[in-house]
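Undergrad: The structure's right below; bear with me while I get my questions together.
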Amino acid sequence: MKLELREITKTFGTFVANDAIDLVIEPGEIHSLLGENGAGKSTLMNVLYGLYRPDGGQILIDDQPVRFTGPGDAMAAGIGMVHQHFMLVPVFTVAENVVLGHEPTKGGMLDIAAARELVREISARFGFDLDPDALVEDLPVGAQQRVEIVKALSRHAEVLVLDEPTAVLTPHETDELMNIMRQLRNEGTSIVFITHKLREVKAVSDRITVIRRGKVVGTADPSADQADLASLMVGRQVSLALDKAPAAPGEVALQVSDLRVTDDAGVRTLDGVSFDVHRGEVLAVAGVQGNGQTELTEALLGLQDNVQGSAVLHGAELVGRSTKQILDAGIGFVPEDRTHDALVPDFSVAENLVLDQFNRAPYGSALSMNPTAVRTNADTLVGDFDVRTDSPQNAVSTLSGGNQQKVVMARALNRELSLLIASQPTRGVDVGSIEFLHRRILGERDKGTPVIIVSTELDEVTQLADRIAVMYRGTILGIVPGDTDRDVLGLMMAGYTAEAAREAVASGARTTDSQLADEGELA
């Protein structure tokens with residue numbers, strides 16, 4: 001099926017989200033739509049999927065104009081979409097989610113056996129390994145995404161739109177998704193891949209269209225240089241390698257000793273973790289997702305119940321204090337899941353920017369808020385962090401994922417800090433904004449703030465870190481210098497000690513990031 005968008009225009013008030021965009025998706029190709037946060041990529045696909053009505057232009061399928069009044073029309077025409085924020089019912093099973101809205105029936109009742117068989121058939125065809133009876137809320141993010149893809153394929157989608165599909169995935173899950181995309185393409189499905197990640201675009205695309213501020217600004221071949229693609233996206237030269245001055249660490253600011261966390265099932269998820277963080281340094285915590293990084297940051301923030309051990313910040317014990325007390329001590333926190341743990345979706349951008357200070361001057365008191373101060377603060381931060389929004393008074397849920405992440409980072413950095421803890425600080429953020437946020441993080445370091453960064457992105461770890469703590473199965477396997485070889489880090493993430501990893505690399509051992517992630521999960 002050939003899909004064509006001609007001069008699609010979409011406005012919201014005076015804001016032009018899509019400005020006469022032309023796009024052609026040929027049968028059986030992976031066509032990447034590349035652009036920075038807020039460029040209009042998702043809006044364009046929401047027009048295609050019938051969620052928005054265009055203010056101008058037309059959609060053609062096999063050279064025939066079509067008009068979609070809703071997603072049902074788009075699905076009937078063979079277009080499926082996997083949204084950045086999944087459209088799943090958490091308490092339903094995989095099978096129930098897949099057939100929701102087009103349920104097979106038998107005798108007037110839901111034919112759950114047919115639904116299960118449909119999931120099994122599509123899963124077997126693409127190697128998805130999905131249990132039809134599993135509850136969606138119990139599945140990891142990567143598996144939930146596969147459920148969304150099965151949903152689209154169950155409705156015979158010939159064009160599949162993937163909206164920022166890797167924003168919440170680990171490197172291993174990302175590689176799995178790319179293999180799925182290639183398999184779908186080889187079977188004739190066209191894929192529109194919306195992203196801002198240059199490495200992924202180059203790895204999987206057949207063609208690339210770049211959008212900037214609502215307009216198509218160019219097309220490129222996957223062999224194009226990353227720096228050229230970044231410049232096309234952002235409209236200026238972007239440094240892909242962070243130039244940072246050497247750290248000048250001071251005295252120990254945070255001392256963590258024998259920190260342990262036990263979950264509700266009695267399993268120890270953090271087991272005897274000890275480390276120090278100095279003033280004026282970045283300690284990066286690296287590791288395959290699920291090796292205790294989440295529990296570590298939550299234990300330091302008072303978000304875990306069963307915590308033993310000690311974490312002393314500037315002479316004050318954190319363990320046993322409430323989350324509010326810890327935040328009030330000057331700790332800036334960026335959670336790994338912005339949607340569930342960092343933002344109130346129905347609150348405005350302005351309100352979300354003061355969630356941790358709403359009851360303090362100048363933003364308010366115990367009895368009321370100061371709307372003028374909240375508004376002024378929002379105007380400043382929206383400008384400083386280039387948050388793409390029509391108005392700071394809009395609900396934060398109306399922003400793209402990357403712009404939501406900028407709101408979270410702006411809030412965390414908008415006060416004097418005694419410690420910054422940022423988990424996946426640039427998740428879902430485009431290359432130009434990553435450069436800016438990395439410089440802000442290093443700016444905190446250079447002011448003398450101790451900084452802890454948790455990231456599954458080795459590029460981010462090696463660019464920011466002065467020292468790197470590698471986590472494996474709830475423990476710190478070793479702490480190494482920030483300039484440690486990537487292959488050594490990867491082997492440590494897979495369970496090697498630092499010494500064993502160095503010896504293995506010296507003898508010629510070298511594996512890809514995805515293979516290392518595999519070993520880390522299976523070791």
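In the structure tokens, chains take the letters A, B, ... in the order shown, each chain's residues start at 1, and ligands count up from 1 in the order shown.
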Skipping near chain neighbours, those fewer than 6 positions away, what residues fall within 12 Å of Pro65 of chain A using only C-alpha atoms, listed as an NGL selection string?
TA: :A and (2-6 or 57-59 or 77)
Undergrad: From a DSSP pass on the backbone, collect the residues of segment 21-62 of chain A flagged as helix (DSSP H, G or I) and hand them back as JSON, numbers by chain.
TA: {"A": [41, 42, 43, 44, 45, 46, 47, 48]}
Undergrad: I'd like the neighbourhood of Asn37 of chain A as a ChimeraX atom specification, where a residue qualifies if any of its atoms comes within 8 Å (using only C-alpha atoms), though same-chain residues fewer than 5 positions away should be ignored.
TA: /A:196,388,400-403,429-430
Undergrad: Quick check, in Å to one decimal: how far apart do atom CA of Met109 of chain A and atom CA of Glu96 of chain A lie?
TA: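 Between atom CA of Met109 of chain A and atom CA of Glu96 of chain A the gap works out to 13.0 Å.
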Undergrad: Under the rule that only C-alpha atoms are counted, which of A:Val159, A:Met45, A:Ala350, A:Ile149 is the nearest residue to Arg185 of chain A?
TA: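 That would be A:Val159, the residue with the smallest distance to Arg185 of chain A.
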Undergrad: Write out as a tab-separated table a residue-level contact list of segment 299-417 of chain A versus segment 441-460 of chain A with cut-off 9 Å: for each qualifying residue the closest pair of atoms and the distance in Å to one decimal, counting only C-alpha atoms, rows sorted by chain and residue number upward.
TA:
```
residue	atom	partner	partner_atom	distance
A:Glu336	CA	A:Val454	CA	8.6
A:Leu413	CA	A:Glu444	CA	8.2
A:Glu416	CA	A:Thr449	CA	9.0
A:Leu417	CA	A:Thr449	CA	6.6
```
Undergrad: Can I get the selected residues back with N, CA and C atoms, as an mmCIF file, in the first residue's frame?
TA:
```cif
data_model
loop_
_atom_site.group_PDB
_atom_site.id
_atom_site.type_symbol
_atom_site.label_atom_id
_atom_site.label_comp_id
_atom_site.auth_asym_id
_atom_site.auth_seq_id
_atom_site.Cartn_x
_atom_site.Cartn_y
_atom_site.Cartn_z
ATOM 1 N N GLU A 336 13.002 7.977 36.892
ATOM 2 C CA GLU A 336 13.186 7.343 35.588
ATOM 3 C C GLU A 336 11.904 7.319 34.772
ATOM 4 N N LEU A 413 16.499 21.426 38.495
ATOM 5 C CA LEU A 413 17.687 22.278 38.483
ATOM 6 C C LEU A 413 17.395 23.714 38.886
ATOM 7 N N GLU A 416 18.884 25.953 44.563
ATOM 8 C CA GLU A 416 20.185 25.572 45.105
ATOM 9 C C GLU A 416 20.106 24.125 45.591
ATOM 10 N N LEU A 417 21.032 23.295 45.122
ATOM 11 C CA LEU A 417 20.966 21.867 45.406
ATOM 12 C C LEU A 417 22.105 21.426 46.323
#
```
Undergrad: As a short mmCIF file (atom, residue, chain, number, x, y, z; two decimals) with N, CA, C and O atoms, in the first residue's frame, please: every residue in segment 299-470 of chain A that DSSP puts in strand (DSSP E or B).
TA:
```
data_model
loop_
_atom_site.label_atom_id
_atom_site.label_comp_id
_atom_site.auth_asym_id
_atom_site.auth_seq_id
_atom_site.Cartn_x
_atom_site.Cartn_y
_atom_site.Cartn_z
N VAL A 307 14.27 -0.53 54.05
CA VAL A 307 15.63 -0.09 53.77
C VAL A 307 16.48 -0.23 55.03
O VAL A 307 16.07 0.19 56.12
N GLN A 308 17.64 -0.85 54.88
CA GLN A 308 18.61 -0.92 55.96
C GLN A 308 19.92 -0.30 55.46
O GLN A 308 20.15 -0.21 54.26
N GLY A 309 20.78 0.06 56.39
CA GLY A 309 22.04 0.67 56.04
C GLY A 309 22.01 2.17 56.27
O GLY A 309 21.14 2.69 56.99
N SER A 310 22.95 2.87 55.65
CA SER A 310 23.11 4.29 55.94
C SER A 310 23.38 5.07 54.67
O SER A 310 24.06 4.60 53.74
N ALA A 311 22.85 6.30 54.61
CA ALA A 311 23.16 7.25 53.55
C ALA A 311 23.24 8.62 54.20
O ALA A 311 22.22 9.20 54.57
N VAL A 312 24.46 9.12 54.37
CA VAL A 312 24.69 10.38 55.09
C VAL A 312 25.05 11.48 54.09
O VAL A 312 26.05 11.38 53.37
N LEU A 313 24.23 12.52 54.05
CA LEU A 313 24.45 13.66 53.16
C LEU A 313 24.82 14.88 53.98
O LEU A 313 24.02 15.33 54.81
N ALA A 316 24.08 14.51 57.61
CA ALA A 316 22.72 14.17 58.05
C ALA A 316 22.29 12.84 57.43
O ALA A 316 22.44 12.62 56.23
N GLU A 317 21.74 11.96 58.24
CA GLU A 317 21.28 10.65 57.79
C GLU A 317 19.98 10.80 56.99
O GLU A 317 19.04 11.48 57.43
N ILE A 331 17.63 18.22 47.79
CA ILE A 331 17.94 17.19 46.80
C ILE A 331 17.04 17.37 45.58
O ILE A 331 15.82 17.39 45.70
N GLY A 332 17.66 17.50 44.42
CA GLY A 332 16.92 17.52 43.16
C GLY A 332 16.81 16.12 42.63
O GLY A 332 17.82 15.40 42.56
N PHE A 333 15.61 15.71 42.25
CA PHE A 333 15.38 14.31 41.85
C PHE A 333 14.67 14.27 40.51
O PHE A 333 13.64 14.91 40.31
N VAL A 334 15.23 13.48 39.58
CA VAL A 334 14.59 13.21 38.29
C VAL A 334 14.30 11.72 38.24
O VAL A 334 15.21 10.91 38.08
N SER A 348 -1.09 22.19 34.93
CA SER A 348 -0.44 22.96 33.87
C SER A 348 1.07 22.77 33.92
O SER A 348 1.64 22.28 34.91
N GLY A 364 4.27 30.30 47.06
CA GLY A 364 3.09 30.09 47.88
C GLY A 364 3.45 29.91 49.33
O GLY A 364 4.60 30.09 49.76
N MET A 369 -1.34 29.56 46.92
CA MET A 369 -0.27 29.74 45.94
C MET A 369 -0.28 31.16 45.43
O MET A 369 -1.30 31.86 45.50
N ALA A 395 -2.08 22.08 29.98
CA ALA A 395 -1.78 20.88 30.75
C ALA A 395 -0.47 20.26 30.26
O ALA A 395 -0.20 20.22 29.06
N LEU A 419 22.36 18.02 46.48
CA LEU A 419 22.63 16.79 45.74
C LEU A 419 21.65 16.71 44.58
O LEU A 419 20.48 17.03 44.73
N LEU A 420 22.15 16.29 43.41
CA LEU A 420 21.28 16.03 42.26
C LEU A 420 21.32 14.55 41.96
O LEU A 420 22.39 13.97 41.78
N ILE A 421 20.13 13.92 41.92
CA ILE A 421 20.00 12.52 41.52
C ILE A 421 19.11 12.50 40.30
O ILE A 421 17.92 12.85 40.36
N ALA A 422 19.66 12.12 39.16
CA ALA A 422 18.90 12.13 37.90
C ALA A 422 18.95 10.74 37.27
O ALA A 422 20.01 10.26 36.89
N SER A 423 17.79 10.12 37.16
CA SER A 423 17.69 8.79 36.58
C SER A 423 17.16 8.92 35.15
O SER A 423 16.08 9.47 34.94
N VAL A 451 26.71 15.00 42.15
CA VAL A 451 25.71 14.58 41.17
C VAL A 451 25.77 13.07 41.00
O VAL A 451 26.85 12.50 40.82
N ILE A 452 24.60 12.43 41.04
CA ILE A 452 24.47 11.01 40.71
C ILE A 452 23.59 10.90 39.47
O ILE A 452 22.46 11.40 39.46
N ILE A 453 24.13 10.28 38.42
CA ILE A 453 23.38 10.04 37.18
C ILE A 453 23.18 8.54 37.03
O ILE A 453 24.13 7.77 37.15
N VAL A 454 21.96 8.12 36.78
CA VAL A 454 21.67 6.72 36.48
C VAL A 454 21.21 6.67 35.03
O VAL A 454 20.27 7.36 34.65
N ARG A 467 33.37 9.41 37.60
CA ARG A 467 33.57 8.01 38.00
C ARG A 467 32.30 7.24 37.66
O ARG A 467 31.22 7.83 37.58
N ILE A 468 32.45 5.93 37.45
CA ILE A 468 31.32 5.10 37.05
C ILE A 468 31.19 3.93 38.01
O ILE A 468 32.14 3.17 38.19
N ALA A 469 30.01 3.78 38.60
CA ALA A 469 29.69 2.62 39.44
C ALA A 469 28.82 1.68 38.61
O ALA A 469 27.75 2.08 38.13
N VAL A 470 29.28 0.46 38.42
CA VAL A 470 28.54 -0.51 37.61
C VAL A 470 27.76 -1.43 38.53
O VAL A 470 28.34 -2.08 39.42
#
```
Undergrad: Looking at A:Leu139, A:Leu110, A:Ala124, A:Ala74, which one is nearest to Arg155 of chain A, with distances taken over only C-alpha atoms?
TA: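 Using only C-alpha atoms, the shortest distance to Arg155 of chain A belongs to A:Ala74.
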Undergrad: Please provide the set of residues having any atom within 12 Å of Asp258 of chain A, restricted to only C-alpha atoms, with same-chain residues fewer than 2 positions apart removed, written as JSON, numbers by chain.
TA: {"A": [255, 256, 260, 261, 270, 271, 272, 273, 274, 275, 276, 296, 307, 308, 309, 310, 311, 312, 319, 474, 475, 476]}
Undergrad: Can you write out the residues you just picked, keeping N, CA, C and O atoms, as a tab-separated table (two decimals), in the first residue's frame?
TA:
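Saved as selection39.tsv:
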```
chain	number	residue	atom	x	y	z
A	255	GLN	N	27.79	9.78	51.72
A	255	GLN	CA	28.45	8.53	52.05
A	255	GLN	C	27.38	7.45	52.26
A	255	GLN	O	26.59	7.53	53.20
A	256	VAL	N	27.35	6.49	51.33
A	256	VAL	CA	26.37	5.39	51.40
A	256	VAL	C	27.10	4.14	51.89
A	256	VAL	O	28.15	3.77	51.35
A	260	ARG	N	20.71	-1.67	51.87
A	260	ARG	CA	19.99	-2.87	51.47
A	260	ARG	C	18.50	-2.56	51.37
A	260	ARG	O	17.96	-1.82	52.18
A	261	VAL	N	17.85	-3.16	50.35
A	261	VAL	CA	16.41	-3.01	50.15
A	261	VAL	C	15.82	-4.39	49.96
A	261	VAL	O	16.33	-5.20	49.18
A	270	LEU	N	18.45	-4.79	46.63
A	270	LEU	CA	19.67	-4.00	46.80
A	270	LEU	C	20.44	-4.65	47.94
A	270	LEU	O	19.91	-4.80	49.04
A	271	ASP	N	21.68	-5.02	47.67
A	271	ASP	CA	22.37	-5.91	48.61
A	271	ASP	C	23.76	-5.39	48.98
A	271	ASP	O	24.74	-5.64	48.29
A	272	GLY	N	23.81	-4.60	50.05
A	272	GLY	CA	25.10	-4.16	50.57
A	272	GLY	C	25.82	-3.15	49.70
A	272	GLY	O	27.04	-3.26	49.48
A	273	VAL	N	25.11	-2.14	49.22
A	273	VAL	CA	25.71	-1.14	48.33
A	273	VAL	C	26.41	-0.06	49.15
A	273	VAL	O	25.83	0.51	50.07
A	274	SER	N	27.66	0.22	48.80
A	274	SER	CA	28.45	1.26	49.47
A	274	SER	C	29.21	2.09	48.44
A	274	SER	O	29.79	1.53	47.50
A	275	PHE	N	29.18	3.40	48.59
A	275	PHE	CA	29.95	4.29	47.72
A	275	PHE	C	29.94	5.69	48.32
A	275	PHE	O	29.13	6.01	49.19
A	276	ASP	N	30.85	6.53	47.83
A	276	ASP	CA	30.90	7.94	48.21
A	276	ASP	C	30.69	8.81	46.97
A	276	ASP	O	31.04	8.40	45.86
A	296	LEU	N	17.97	1.74	44.26
A	296	LEU	CA	18.99	2.61	44.85
A	296	LEU	C	18.51	4.05	44.93
A	296	LEU	O	18.55	4.68	46.00
A	307	VAL	N	14.27	-0.53	54.05
A	307	VAL	CA	15.63	-0.09	53.77
A	307	VAL	C	16.48	-0.23	55.03
A	307	VAL	O	16.07	0.19	56.12
A	308	GLN	N	17.64	-0.85	54.88
A	308	GLN	CA	18.61	-0.92	55.96
A	308	GLN	C	19.92	-0.30	55.46
A	308	GLN	O	20.15	-0.21	54.26
A	309	GLY	N	20.78	0.06	56.39
A	309	GLY	CA	22.04	0.67	56.04
A	309	GLY	C	22.01	2.17	56.27
A	309	GLY	O	21.14	2.69	56.99
A	310	SER	N	22.95	2.87	55.65
A	310	SER	CA	23.11	4.29	55.94
A	310	SER	C	23.38	5.07	54.67
A	310	SER	O	24.06	4.60	53.74
A	311	ALA	N	22.85	6.30	54.61
A	311	ALA	CA	23.16	7.25	53.55
A	311	ALA	C	23.24	8.62	54.20
A	311	ALA	O	22.22	9.20	54.57
A	312	VAL	N	24.46	9.12	54.37
A	312	VAL	CA	24.69	10.38	55.09
A	312	VAL	C	25.05	11.48	54.09
A	312	VAL	O	26.05	11.38	53.37
A	319	VAL	N	18.36	7.85	55.55
A	319	VAL	CA	17.54	6.66	55.77
A	319	VAL	C	16.66	6.88	57.00
A	319	VAL	O	17.13	7.27	58.07
A	474	GLY	N	21.89	-6.11	42.00
A	474	GLY	CA	21.68	-5.46	43.28
A	474	GLY	C	22.92	-5.06	44.02
A	474	GLY	O	22.84	-4.56	45.15
A	475	THR	N	24.09	-5.25	43.43
A	475	THR	CA	25.33	-4.85	44.07
A	475	THR	C	26.13	-3.95	43.13
A	475	THR	O	25.87	-3.91	41.92
A	476	ILE	N	27.11	-3.25	43.68
A	476	ILE	CA	28.04	-2.50	42.85
A	476	ILE	C	29.25	-3.40	42.59
A	476	ILE	O	29.98	-3.77	43.52
```
Undergrad: Write out as a tab-separated table a residue-level contact list of segment 287-308 of chain A versus segment 324-328 of chain A with cut-off 12 Å: for each qualifying residue the closest pair of atoms and the distance in Å to one decimal, counting only C-alpha atoms, rows sorted by chain and residue number upward.
TA:
```
residue	atom	partner	partner_atom	distance
A:Glu298	CA	A:Ile326	CA	11.3
A:Ala299	CA	A:Ile326	CA	10.9
A:Leu300	CA	A:Ile326	CA	8.4
A:Leu301	CA	A:Ile326	CA	6.3
A:Gly302	CA	A:Ile326	CA	7.3
A:Leu303	CA	A:Lys324	CA	10.1
```
Undergrad: Output all heavy atoms for every residue in that selection, as a PDB file, in the first residue's frame.
TA:
```
ATOM      1  N   GLU A 298      15.463   5.196  44.715  1.00  0.00           N
ATOM      2  CA  GLU A 298      14.270   5.316  45.561  1.00  0.00           C
ATOM      3  C   GLU A 298      14.615   5.186  47.040  1.00  0.00           C
ATOM      4  O   GLU A 298      13.984   5.830  47.887  1.00  0.00           O
ATOM      5  CB  GLU A 298      13.225   4.278  45.148  1.00  0.00           C
ATOM      6  CG  GLU A 298      12.606   4.573  43.785  1.00  0.00           C
ATOM      7  CD  GLU A 298      11.512   3.590  43.394  1.00  0.00           C
ATOM      8  OE1 GLU A 298      11.379   2.562  44.101  1.00  0.00           O
ATOM      9  OE2 GLU A 298      10.815   3.842  42.400  1.00  0.00           O
ATOM     10  N   ALA A 299      15.606   4.376  47.381  1.00  0.00           N
ATOM     11  CA  ALA A 299      16.041   4.269  48.774  1.00  0.00           C
ATOM     12  C   ALA A 299      16.632   5.592  49.251  1.00  0.00           C
ATOM     13  O   ALA A 299      16.381   6.035  50.383  1.00  0.00           O
ATOM     14  CB  ALA A 299      17.062   3.141  48.921  1.00  0.00           C
ATOM     15  N   LEU A 300      17.411   6.252  48.401  1.00  0.00           N
ATOM     16  CA  LEU A 300      18.003   7.538  48.775  1.00  0.00           C
ATOM     17  C   LEU A 300      16.947   8.616  48.926  1.00  0.00           C
ATOM     18  O   LEU A 300      17.137   9.579  49.681  1.00  0.00           O
ATOM     19  CB  LEU A 300      19.034   7.960  47.721  1.00  0.00           C
ATOM     20  CG  LEU A 300      20.287   7.091  47.615  1.00  0.00           C
ATOM     21  CD1 LEU A 300      21.166   7.558  46.453  1.00  0.00           C
ATOM     22  CD2 LEU A 300      21.086   7.118  48.918  1.00  0.00           C
ATOM     23  N   LEU A 301      15.823   8.475  48.220  1.00  0.00           N
ATOM     24  CA  LEU A 301      14.748   9.482  48.276  1.00  0.00           C
ATOM     25  C   LEU A 301      13.656   9.139  49.277  1.00  0.00           C
ATOM     26  O   LEU A 301      12.644   9.843  49.347  1.00  0.00           O
ATOM     27  CB  LEU A 301      14.138   9.658  46.885  1.00  0.00           C
ATOM     28  CG  LEU A 301      14.686  10.800  46.023  1.00  0.00           C
ATOM     29  CD1 LEU A 301      14.350  12.153  46.634  1.00  0.00           C
ATOM     30  CD2 LEU A 301      16.165  10.668  45.801  1.00  0.00           C
ATOM     31  N   GLY A 302      13.812   8.045  50.020  1.00  0.00           N
ATOM     32  CA  GLY A 302      12.782   7.675  50.986  1.00  0.00           C
ATOM     33  C   GLY A 302      11.553   7.070  50.372  1.00  0.00           C
ATOM     34  O   GLY A 302      10.473   7.084  50.981  1.00  0.00           O
ATOM     35  N   LEU A 303      11.677   6.514  49.162  1.00  0.00           N
ATOM     36  CA  LEU A 303      10.533   5.951  48.447  1.00  0.00           C
ATOM     37  C   LEU A 303      10.433   4.437  48.580  1.00  0.00           C
ATOM     38  O   LEU A 303       9.521   3.834  48.033  1.00  0.00           O
ATOM     39  CB  LEU A 303      10.614   6.326  46.963  1.00  0.00           C
ATOM     40  CG  LEU A 303      10.474   7.820  46.656  1.00  0.00           C
ATOM     41  CD1 LEU A 303      10.874   8.118  45.220  1.00  0.00           C
ATOM     42  CD2 LEU A 303       9.044   8.273  46.922  1.00  0.00           C
TER      43      LEU A 303
END
```
